[in-house]
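Here is final33.pdb, consisting of PDB, C-alpha atoms, pLDDT in the B column:
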ATOM      1  CA  MET A 281     -17.186   3.839   9.204  1.00 38.00           C
ATOM      2  CA  ALA A 282     -17.148   0.054   9.119  1.00 46.00           C
ATOM      3  CA  ASP A 283     -14.690  -2.023  11.118  1.00 51.00           C
ATOM      4  CA  THR A 284     -12.643  -4.073   8.625  1.00 53.00           C
ATOM      5  CA  THR A 285     -10.689  -6.257  11.046  1.00 56.00           C
ATOM      6  CA  GLY A 286     -12.968  -9.262  10.551  1.00 79.00           C
ATOM      7  CA  ASP A 287     -12.363  -9.391   6.809  1.00 92.00           C
ATOM      8  CA  PRO A 288     -11.435 -13.003   5.880  1.00 95.00           C
ATOM      9  CA  ILE A 289      -9.500 -11.785   2.818  1.00 96.00           C
ATOM     10  CA  VAL A 290      -7.188  -9.787   5.080  1.00 96.00           C
ATOM     11  CA  ARG A 291      -6.592 -12.837   7.276  1.00 95.00           C
ATOM     12  CA  GLU A 292      -5.690 -14.983   4.284  1.00 96.00           C
ATOM     13  CA  LEU A 293      -3.414 -12.331   2.785  1.00 97.00           C
ATOM     14  CA  GLN A 294      -1.375 -12.262   5.989  1.00 95.00           C
ATOM     15  CA  GLU A 295       0.146 -15.573   4.849  1.00 95.00           C
ATOM     16  CA  TYR A 296       1.678 -14.085   1.705  1.00 97.00           C
ATOM     17  CA  THR A 297       4.147 -11.447   0.508  1.00 97.00           C
ATOM     18  CA  THR A 298       3.737  -8.605  -1.939  1.00 98.00           C
ATOM     19  CA  CYS A 299       5.590 -10.715  -4.503  1.00 97.00           C
ATOM     20  CA  ASP A 300       3.050 -13.509  -4.058  1.00 97.00           C
ATOM     21  CA  VAL A 301       0.245 -11.023  -4.712  1.00 98.00           C
ATOM     22  CA  SER A 302       1.972  -9.723  -7.833  1.00 98.00           C
ATOM     23  CA  ASP A 303       2.556 -13.238  -9.185  1.00 96.00           C
ATOM     24  CA  ALA A 304      -1.139 -14.010  -8.831  1.00 97.00           C
ATOM     25  CA  LEU A 305      -2.248 -10.727 -10.375  1.00 98.00           C
ATOM     26  CA  CYS A 306       0.082 -11.250 -13.330  1.00 97.00           C
ATOM     27  CA  LYS A 307      -1.653 -14.572 -13.956  1.00 96.00           C
ATOM     28  CA  LEU A 308      -4.954 -12.682 -13.908  1.00 98.00           C
ATOM     29  CA  LYS A 309      -3.524 -10.181 -16.447  1.00 97.00           C
ATOM     30  CA  PHE A 310      -3.769  -7.250 -14.034  1.00 98.00           C
ATOM     31  CA  ARG A 311      -1.235  -4.606 -14.997  1.00 95.00           C
ATOM     32  CA  ASN A 312       2.173  -4.653 -13.335  1.00 97.00           C
ATOM     33  CA  GLY A 313       0.966  -7.305 -10.905  1.00 98.00           C
ATOM     34  CA  GLY A 314      -0.573  -4.526  -8.824  1.00 98.00           C
ATOM     35  CA  PHE A 315       2.836  -3.037  -7.985  1.00 98.00           C
ATOM     36  CA  LEU A 316       2.770   0.649  -6.987  1.00 98.00           C
ATOM     37  CA  SER A 317       6.150   2.036  -7.960  1.00 98.00           C
ATOM     38  CA  GLY A 318       8.145   4.433  -5.787  1.00 97.00           C
ATOM     39  CA  LEU A 319       6.545   3.602  -2.441  1.00 98.00           C
ATOM     40  CA  THR A 320       8.955   2.153   0.116  1.00 98.00           C
ATOM     41  CA  LEU A 321       9.102   1.469   3.852  1.00 98.00           C
ATOM     42  CA  TRP A 322      10.254   4.337   6.123  1.00 98.00           C
ATOM     43  CA  SER A 323       8.833   3.405   9.535  1.00 98.00           C
ATOM     44  CA  PRO A 324       9.295   1.678  11.920  1.00 98.00           C
ATOM     45  CA  LYS A 325      12.578   1.084  10.031  1.00 97.00           C
ATOM     46  CA  ARG A 326      13.893   2.070   6.630  1.00 98.00           C
ATOM     47  CA  GLN A 327      13.619  -0.908   4.270  1.00 97.00           C
ATOM     48  CA  GLU A 328      14.474  -3.314   7.059  1.00 95.00           C
ATOM     49  CA  GLY A 329      12.732  -5.814   9.290  1.00 95.00           C
ATOM     50  CA  PRO A 330       9.606  -7.983   9.097  1.00 95.00           C
ATOM     51  CA  THR A 331       7.029  -5.200   8.760  1.00 97.00           C
ATOM     52  CA  LYS A 332       4.084  -6.260   6.624  1.00 97.00           C
ATOM     53  CA  ILE A 333       0.814  -4.396   6.282  1.00 98.00           C
ATOM     54  CA  VAL A 334      -2.489  -5.622   4.867  1.00 98.00           C
ATOM     55  CA  GLY A 335      -5.838  -3.877   4.794  1.00 98.00           C
ATOM     56  CA  PRO A 336      -8.515  -2.253   2.671  1.00 98.00           C
ATOM     57  CA  ALA A 337      -7.673   1.193   1.348  1.00 98.00           C
ATOM     58  CA  TYR A 338      -9.131   4.334   2.903  1.00 98.00           C
ATOM     59  CA  THR A 339      -8.188   6.910   0.285  1.00 98.00           C
ATOM     60  CA  VAL A 340      -7.445  10.612   0.764  1.00 98.00           C
ATOM     61  CA  GLN A 341      -7.192  12.979  -2.197  1.00 98.00           C
ATOM     62  CA  TYR A 342      -5.108  16.145  -1.924  1.00 98.00           C
ATOM     63  CA  VAL A 343      -5.326  18.685  -4.764  1.00 98.00           C
ATOM     64  CA  LEU A 344      -3.720  22.072  -5.488  1.00 97.00           C
ATOM     65  CA  LEU A 345      -5.295  25.056  -3.729  1.00 96.00           C
ATOM     66  CA  ASP A 346      -6.497  26.526  -7.020  1.00 95.00           C
ATOM     67  CA  ASP A 347      -8.291  23.329  -7.989  1.00 96.00           C
ATOM     68  CA  PRO A 348     -12.023  24.034  -8.407  1.00 96.00           C
ATOM     69  CA  LEU A 349     -12.920  21.125  -6.137  1.00 95.00           C
ATOM     70  CA  PRO A 350     -14.037  22.411  -2.718  1.00 95.00           C
ATOM     71  CA  LYS A 351     -12.111  21.589   0.404  1.00 96.00           C
ATOM     72  CA  HIS A 352     -13.353  18.515   2.255  1.00 96.00           C
ATOM     73  CA  PRO A 353     -15.461  19.779   5.197  1.00 94.00           C
ATOM     74  CA  THR A 354     -14.039  17.537   7.920  1.00 94.00           C
ATOM     75  CA  HIS A 355     -10.631  16.101   8.754  1.00 94.00           C
ATOM     76  CA  TYR A 356     -10.129  12.714   7.122  1.00 95.00           C
ATOM     77  CA  ILE A 357      -8.040  11.418  10.001  1.00 95.00           C
ATOM     78  CA  ASP A 358     -11.081  11.160  12.300  1.00 94.00           C
ATOM     79  CA  SER A 359     -13.011   8.852   9.956  1.00 94.00           C
ATOM     80  CA  ILE A 360     -10.524   6.030   9.387  1.00 95.00           C
ATOM     81  CA  PRO A 361     -12.129   2.589   9.655  1.00 95.00           C
ATOM     82  CA  HIS A 362     -10.526   0.230  12.139  1.00 96.00           C
ATOM     83  CA  GLY A 363      -8.170  -2.091  10.246  1.00 96.00           C
ATOM     84  CA  ALA A 364      -7.813   0.138   7.180  1.00 97.00           C
ATOM     85  CA  VAL A 365      -4.690   1.271   5.359  1.00 98.00           C
ATOM     86  CA  VAL A 366      -4.705   5.036   4.852  1.00 98.00           C
ATOM     87  CA  PHE A 367      -3.689   5.844   1.269  1.00 98.00           C
ATOM     88  CA  VAL A 368      -2.892   9.554   0.827  1.00 98.00           C
ATOM     89  CA  SER A 369      -2.641  10.884  -2.728  1.00 98.00           C
ATOM     90  CA  CYS A 370      -1.315  14.297  -3.719  1.00 96.00           C
ATOM     91  CA  PRO A 371      -0.312  16.105  -6.916  1.00 96.00           C
ATOM     92  CA  PRO A 372       2.989  14.809  -8.309  1.00 94.00           C
ATOM     93  CA  LYS A 373       6.308  16.400  -7.380  1.00 92.00           C
ATOM     94  CA  SER A 374       4.869  18.410  -4.507  1.00 95.00           C
ATOM     95  CA  PRO A 375       7.732  19.678  -2.296  1.00 96.00           C
ATOM     96  CA  ASN A 376       5.521  19.857   0.794  1.00 97.00           C
ATOM     97  CA  ALA A 377       4.672  16.951   3.066  1.00 98.00           C
ATOM     98  CA  VAL A 378       1.035  15.877   3.196  1.00 98.00           C
ATOM     99  CA  TYR A 379       1.213  13.785   6.344  1.00 98.00           C
ATOM    100  CA  GLY A 380       2.857  14.059   9.764  1.00 97.00           C
ATOM    101  CA  GLY A 381       3.321  12.616  13.215  1.00 97.00           C
ATOM    102  CA  LEU A 382       0.014  13.774  14.680  1.00 97.00           C
ATOM    103  CA  MET A 383      -1.778  12.100  11.811  1.00 97.00           C
ATOM    104  CA  SER A 384      -0.172   8.793  12.730  1.00 98.00           C
ATOM    105  CA  ALA A 385      -0.995   9.286  16.408  1.00 98.00           C
ATOM    106  CA  ARG A 386      -4.659   9.652  15.509  1.00 97.00           C
ATOM    107  CA  ALA A 387      -4.576   6.896  12.877  1.00 97.00           C
ATOM    108  CA  LYS A 388      -3.065   4.483  15.386  1.00 97.00           C
ATOM    109  CA  ALA A 389      -5.706   5.425  17.961  1.00 97.00           C
ATOM    110  CA  GLN A 390      -8.379   4.729  15.346  1.00 95.00           C
ATOM    111  CA  GLY A 391      -6.944   1.282  14.757  1.00 97.00           C
ATOM    112  CA  ALA A 392      -5.484   1.909  11.314  1.00 97.00           C
ATOM    113  CA  VAL A 393      -2.982  -0.644  10.050  1.00 97.00           C
ATOM    114  CA  ALA A 394      -0.582   1.780   8.349  1.00 98.00           C
ATOM    115  CA  SER A 395      -0.367   4.827   6.121  1.00 98.00           C
ATOM    116  CA  VAL A 396       0.858   4.870   2.536  1.00 98.00           C
ATOM    117  CA  ILE A 397       1.795   8.339   1.330  1.00 98.00           C
ATOM    118  CA  ASP A 398       1.923   8.859  -2.426  1.00 98.00           C
ATOM    119  CA  GLY A 399       4.143  11.886  -1.889  1.00 98.00           C
ATOM    120  CA  ARG A 400       6.157  13.284   1.020  1.00 98.00           C
ATOM    121  CA  PHE A 401       5.587  12.936   4.755  1.00 98.00           C
ATOM    122  CA  ARG A 402       7.341  14.447   7.763  1.00 98.00           C
ATOM    123  CA  ASP A 403       8.137  13.839  11.461  1.00 98.00           C
ATOM    124  CA  LEU A 404       9.962  10.627  10.685  1.00 98.00           C
ATOM    125  CA  GLN A 405      11.266  10.124  14.208  1.00 98.00           C
ATOM    126  CA  GLU A 406       7.770  10.588  15.624  1.00 97.00           C
ATOM    127  CA  GLN A 407       6.493   7.918  13.244  1.00 97.00           C
ATOM    128  CA  ARG A 408       9.217   5.539  14.393  1.00 98.00           C
ATOM    129  CA  ASP A 409       8.622   6.313  18.061  1.00 98.00           C
ATOM    130  CA  LEU A 410       4.977   5.352  17.489  1.00 98.00           C
ATOM    131  CA  GLU A 411       6.154   2.193  15.665  1.00 97.00           C
ATOM    132  CA  PHE A 412       3.532   3.028  13.081  1.00 98.00           C
ATOM    133  CA  PRO A 413       4.185   1.648   9.586  1.00 98.00           C
ATOM    134  CA  ILE A 414       4.710   4.295   6.912  1.00 98.00           C
ATOM    135  CA  PHE A 415       5.328   3.707   3.231  1.00 98.00           C
ATOM    136  CA  ALA A 416       5.994   6.790   1.115  1.00 98.00           C
ATOM    137  CA  ARG A 417       7.879   8.331  -1.776  1.00 98.00           C
ATOM    138  CA  ASP A 418      10.076  10.610   0.332  1.00 97.00           C
ATOM    139  CA  VAL A 419      10.338  12.805   3.415  1.00 98.00           C
ATOM    140  CA  GLY A 420       9.929  16.570   3.770  1.00 97.00           C
ATOM    141  CA  THR A 421       9.586  19.318   6.369  1.00 98.00           C
ATOM    142  CA  ALA A 422       6.907  21.817   5.273  1.00 97.00           C
ATOM    143  CA  PRO A 423       3.190  21.199   5.924  1.00 96.00           C
ATOM    144  CA  PRO A 424       0.779  21.119   2.974  1.00 96.00           C
ATOM    145  CA  ALA A 425      -1.505  24.095   3.661  1.00 95.00           C
ATOM    146  CA  GLU A 426       0.316  26.701   1.534  1.00 95.00           C
ATOM    147  CA  LEU A 427      -0.030  24.555  -1.594  1.00 97.00           C
ATOM    148  CA  LEU A 428      -2.615  21.827  -1.129  1.00 98.00           C
ATOM    149  CA  LYS A 429      -6.022  20.954   0.299  1.00 98.00           C
ATOM    150  CA  VAL A 430      -7.936  17.737   0.886  1.00 98.00           C
ATOM    151  CA  ALA A 431     -10.743  17.548  -1.670  1.00 98.00           C
ATOM    152  CA  ALA A 432     -12.196  14.107  -0.996  1.00 97.00           C
ATOM    153  CA  VAL A 433     -11.942  10.863   0.933  1.00 97.00           C
ATOM    154  CA  ASN A 434     -12.889   7.370  -0.167  1.00 97.00           C
ATOM    155  CA  VAL A 435     -12.734   8.184  -3.866  1.00 98.00           C
ATOM    156  CA  PRO A 436     -10.604   6.532  -6.580  1.00 98.00           C
ATOM    157  CA  VAL A 437      -7.110   8.074  -6.722  1.00 98.00           C
ATOM    158  CA  LYS A 438      -4.397   7.790  -9.354  1.00 97.00           C
ATOM    159  CA  LEU A 439      -0.869   6.728  -8.496  1.00 97.00           C
ATOM    160  CA  GLN A 440       1.197   9.884  -8.893  1.00 94.00           C
ATOM    161  CA  THR A 441       3.879   8.733 -11.301  1.00 93.00           C
ATOM    162  CA  ASP A 442       4.484   8.818 -15.022  1.00 91.00           C
ATOM    163  CA  GLU A 443       5.810   5.237 -14.862  1.00 92.00           C
ATOM    164  CA  GLN A 444       2.398   3.651 -14.479  1.00 95.00           C
ATOM    165  CA  ASP A 445      -1.301   4.188 -15.003  1.00 95.00           C
ATOM    166  CA  MET A 446      -2.699   2.789 -11.762  1.00 97.00           C
ATOM    167  CA  THR A 447      -5.831   3.629  -9.797  1.00 98.00           C
ATOM    168  CA  ILE A 448      -6.476   2.758  -6.159  1.00 98.00           C
ATOM    169  CA  HIS A 449     -10.151   2.377  -5.274  1.00 98.00           C
ATOM    170  CA  PRO A 450     -11.579   2.562  -1.764  1.00 98.00           C
ATOM    171  CA  GLY A 451     -11.725  -0.944  -0.346  1.00 97.00           C
ATOM    172  CA  ASP A 452      -9.015  -2.346  -2.626  1.00 98.00           C
ATOM    173  CA  TYR A 453      -6.550  -4.350  -0.574  1.00 98.00           C
ATOM    174  CA  ILE A 454      -3.201  -2.678   0.059  1.00 98.00           C
ATOM    175  CA  MET A 455      -0.216  -4.799   1.050  1.00 98.00           C
ATOM    176  CA  GLY A 456       3.247  -3.501   1.850  1.00 98.00           C
ATOM    177  CA  ASP A 457       6.536  -5.045   2.961  1.00 98.00           C
ATOM    178  CA  ILE A 458      10.228  -4.482   2.240  1.00 97.00           C
ATOM    179  CA  ASN A 459       9.624  -5.468  -1.383  1.00 97.00           C
ATOM    180  CA  GLY A 460       7.273  -2.511  -1.882  1.00 98.00           C
ATOM    181  CA  VAL A 461       3.537  -1.849  -2.045  1.00 98.00           C
ATOM    182  CA  VAL A 462       0.890  -3.601  -4.126  1.00 98.00           C
ATOM    183  CA  VAL A 463      -2.802  -3.034  -4.681  1.00 98.00           C
ATOM    184  CA  LEU A 464      -5.068  -6.058  -4.966  1.00 98.00           C
ATOM    185  CA  PRO A 465      -8.369  -4.945  -6.515  1.00 98.00           C
ATOM    186  CA  LYS A 466     -11.237  -6.028  -4.335  1.00 97.00           C
ATOM    187  CA  HIS A 467     -13.028  -7.795  -7.187  1.00 97.00           C
ATOM    188  CA  LEU A 468      -9.968  -9.950  -7.918  1.00 98.00           C
ATOM    189  CA  ALA A 469      -9.116 -10.979  -4.355  1.00 97.00           C
ATOM    190  CA  GLU A 470     -11.038 -14.256  -4.249  1.00 96.00           C
ATOM    191  CA  LEU A 471      -9.606 -15.252  -7.633  1.00 97.00           C
ATOM    192  CA  ALA A 472      -6.046 -14.341  -6.649  1.00 98.00           C
ATOM    193  CA  LEU A 473      -5.811 -16.148  -3.314  1.00 97.00           C
ATOM    194  CA  PRO A 474      -5.926 -19.728  -4.696  1.00 96.00           C
ATOM    195  CA  LEU A 475      -3.295 -18.753  -7.265  1.00 96.00           C
ATOM    196  CA  MET A 476      -1.035 -17.483  -4.471  1.00 95.00           C
ATOM    197  CA  ALA A 477      -1.377 -20.757  -2.572  1.00 92.00           C
ATOM    198  CA  LYS A 478      -0.525 -22.793  -5.644  1.00 90.00           C
ATOM    199  CA  GLN A 479       2.451 -20.593  -6.542  1.00 87.00           C
ATOM    200  CA  VAL A 480       3.927 -20.640  -3.029  1.00 85.00           C
ATOM    201  CA  GLU A 481       3.618 -24.421  -2.871  1.00 87.00           C
ATOM    202  CA  ALA A 482       5.360 -24.787  -6.241  1.00 83.00           C
ATOM    203  CA  ASP A 483       8.110 -22.314  -5.370  1.00 81.00           C
ATOM    204  CA  SER A 484       8.785 -24.019  -2.043  1.00 88.00           C
ATOM    205  CA  ALA A 485       9.176 -27.364  -3.806  1.00 88.00           C
ATOM    206  CA  MET A 486      11.430 -25.733  -6.419  1.00 88.00           C
ATOM    207  CA  ALA A 487      13.653 -24.224  -3.742  1.00 90.00           C
ATOM    208  CA  VAL A 488      14.187 -27.608  -2.095  1.00 91.00           C
ATOM    209  CA  ALA A 489      14.932 -29.252  -5.434  1.00 89.00           C
ATOM    210  CA  ILE A 490      17.367 -26.533  -6.515  1.00 90.00           C
ATOM    211  CA  GLN A 491      19.204 -26.708  -3.196  1.00 92.00           C
ATOM    212  CA  GLY A 492      19.461 -30.459  -3.788  1.00 91.00           C
ATOM    213  CA  GLY A 493      21.225 -29.937  -7.099  1.00 91.00           C
ATOM    214  CA  MET A 494      18.414 -29.728  -9.655  1.00 84.00           C
ATOM    215  CA  THR A 495      18.758 -26.983 -12.254  1.00 87.00           C
ATOM    216  CA  PHE A 496      16.315 -24.097 -12.275  1.00 88.00           C
ATOM    217  CA  THR A 497      15.044 -25.179 -15.691  1.00 88.00           C
ATOM    218  CA  GLU A 498      14.423 -28.737 -14.514  1.00 87.00           C
ATOM    219  CA  ALA A 499      12.761 -27.623 -11.301  1.00 85.00           C
ATOM    220  CA  SER A 500      10.585 -25.100 -13.109  1.00 83.00           C
ATOM    221  CA  LYS A 501       9.429 -27.718 -15.597  1.00 84.00           C
ATOM    222  CA  LYS A 502       8.677 -30.202 -12.818  1.00 83.00           C
ATOM    223  CA  PHE A 503       6.880 -27.958 -10.350  1.00 83.00           C
ATOM    224  CA  ARG A 504       5.480 -25.048 -12.342  1.00 77.00           C
ATOM    225  CA  SER A 505       4.228 -26.735 -15.488  1.00 68.00           C
TER     226      SER A 505
END
Could you show the structure in this file as structure tokens?
Amino acid sequence: MADTTGDPIVRELQEYTTCDVSDALCKLKFRNGGFLSGLTLWSPKRQEGPTKIVGPAYTVQYVLLDDPLPKHPTHYIDSIPHGAVVFVSCPPKSPNAVYGGLMSARAKAQGAVASVIDGRFRDLQEQRDLEFPIFARDVGTAPPAELLKVAAVNVPVKLQTDEQDMTIHPGDYIMGDINGVVVLPKHLAELALPLMAKQVEADSAMAVAIQGGMTFTEASKKFRS
């Protein structure tokens, strides 16, 4: 698999937050500003600290055991590109975890940036001991094998929620911080970055003006119009 650490888009995105990405994507009329609801930071700390992850998505698709799709022939964890964000999808409302501590040990050794689990994961203390970033819906204890199997890797996967209709494609940029997780479609990245720069510059000027006594309405008209 390709090494993604030299990606200039990733380097530029490091300068921004998930909110900056969403602001830009809203201007580009991309639904929900790329926000992926229900995914929050669990490791290395729970919704605390400066953790920020950025990288292209390496997607993993879990399905129910009775799904006609065949089981993927190899373990996905051994094929993670260096610099990627592992995005694990599973059927909604699954009570079993689909990701654990050994997975993070291998992902970290492969040079992965983080793992985002669209479902439950386990071995929380192990994840924190590794200081490996994990974003997920929730924690659990049981492994997946009694209910689920991996059917594919590097395929488009749907966000498992009835709140949104969102698809994550392999290579889309995933960013996460304490605000949440966003997906920046690969084909929109070069359009979005200049919008982020402009927005951050305007917001910084607004903040200074507001702290100096200007009203929000006045500052917005002056710096955002």
Task: Who sits within 12 Å of Asp442 (chain A), only C-alpha atoms, same chain under 5 positions skipped, as a list of chain:residue names - done: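 Within the cut-off, the hits are A:Leu316, A:Ser317, A:Gly318, A:Pro371, A:Pro372, A:Lys373.
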Open item on the list: Can you spell out as a PyMOL selection string the set of residues that the PyMOL selection byres ((chain A and resi 377) around 9) selects in the structure I just provided?
Closed with: chain A and resi 374-376+378-380+399-402+418-424
The selected residues should be written to file as an mmCIF file, keeping the file's coordinate frame (atoms: C-alpha atoms).
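Okay, result_33.cif is ready:
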data_model
loop_
_atom_site.group_PDB
_atom_site.id
_atom_site.type_symbol
_atom_site.label_atom_id
_atom_site.label_comp_id
_atom_site.auth_asym_id
_atom_site.auth_seq_id
_atom_site.Cartn_x
_atom_site.Cartn_y
_atom_site.Cartn_z
ATOM 1 C CA SER A 374 4.869 18.410 -4.507
ATOM 2 C CA PRO A 375 7.732 19.678 -2.296
ATOM 3 C CA ASN A 376 5.521 19.857 0.794
ATOM 4 C CA VAL A 378 1.035 15.877 3.196
ATOM 5 C CA TYR A 379 1.213 13.785 6.344
ATOM 6 C CA GLY A 380 2.857 14.059 9.764
ATOM 7 C CA GLY A 399 4.143 11.886 -1.889
ATOM 8 C CA ARG A 400 6.157 13.284 1.020
ATOM 9 C CA PHE A 401 5.587 12.936 4.755
ATOM 10 C CA ARG A 402 7.341 14.447 7.763
ATOM 11 C CA ASP A 418 10.076 10.610 0.332
ATOM 12 C CA VAL A 419 10.338 12.805 3.415
ATOM 13 C CA GLY A 420 9.929 16.570 3.770
ATOM 14 C CA THR A 421 9.586 19.318 6.369
ATOM 15 C CA ALA A 422 6.907 21.817 5.273
ATOM 16 C CA PRO A 423 3.190 21.199 5.924
ATOM 17 C CA PRO A 424 0.779 21.119 2.974
#
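Proximity to Gln440 (chain A) was assessed for A:Met383, A:Cys306, A:Leu319, A:Met476 counting only C-alpha atoms; the smallest distance is recorded for A:Leu319.
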- [ ] Let me know the residues the PyMOL selection byres ((chain A and resi 480) around 12) catches in the file above, as a PyMOL selection string.
- [x] chain A and resi 295-297+299-301+303-304+473-479+481-487+503-504
TODO: Quick one: apply the PyMOL selection byres ((chain A and resi 356) around 10) to the file and drop the selected residues here as a list in words.
DONE: Tyr338, Thr339, Val340, Gln341, His352, Pro353, Thr354, His355, Ile357, Asp358, Ser359, Ile360, Val366, Met383, Ala387, Val430, Ala432, Val433 and Asn434 of chain A
Open item on the list: Using Å and a single decimal, report how far CA of Ser384 (chain A) sits from CA of Leu345 (chain A).
Closed with: 23.7 Å
Task: Residues within 12 Å of Lys388 (chain A), all atoms listed in the file, excluding chain neighbours under 3 positions, as a PyMOL selection string - done: chain A and resi 357-358+360-366+381-385+391-395+407+410-414
Open item on the list: My list of candidates is A:Thr447, A:Ile333, A:Asp452, A:Lys438. Which is closest to Val396 (chain A) when distances are computed with all atoms listed in the file?
Closed with: A:Ile333
TODO: Go ahead and compute the interatomic distance for CA of Glu328 (chain A) and CA of Ala489 (chain A), in Å to one decimal.
DONE: 28.8 Å
Task: Distance in Å - CA of Phe367 (chain A) versus CA of Gln327 (chain A) - done: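 Taking CA of Phe367 (chain A) as the start and CA of Gln327 (chain A) as the end point, the length is 18.8 Å.
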Task: Asp409 (chain A) surroundings by only C-alpha atoms, 10 Å radius, close-in-sequence under 5 positions cut, as a list in words - done: Ser323, Pro324, Gly381 and Leu404 of chain A
Open item on the list: Using only C-alpha atoms for the distances, tell me which of A:Gly314, A:Pro330, A:Pro288, A:Gly460 is nearest to Ala416 (chain A).
Closed with: A:Gly460
- [ ] Please provide the set of residues having any atom within 6 Å of Trp322 (chain A), restricted to all atoms listed in the file, with same-chain residues fewer than 3 positions apart removed, written as a list in words.
- [x]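 Using all atoms listed in the file, the neighbours found are Lys325, Arg326, Ile414 and Phe415 of chain A.
Between Ile289 (chain A) and the residues A:Leu428, A:Met494, A:Ala472, A:Leu349, the shortest atom-to-atom distance, using only C-alpha atoms, involves A:Ala472.
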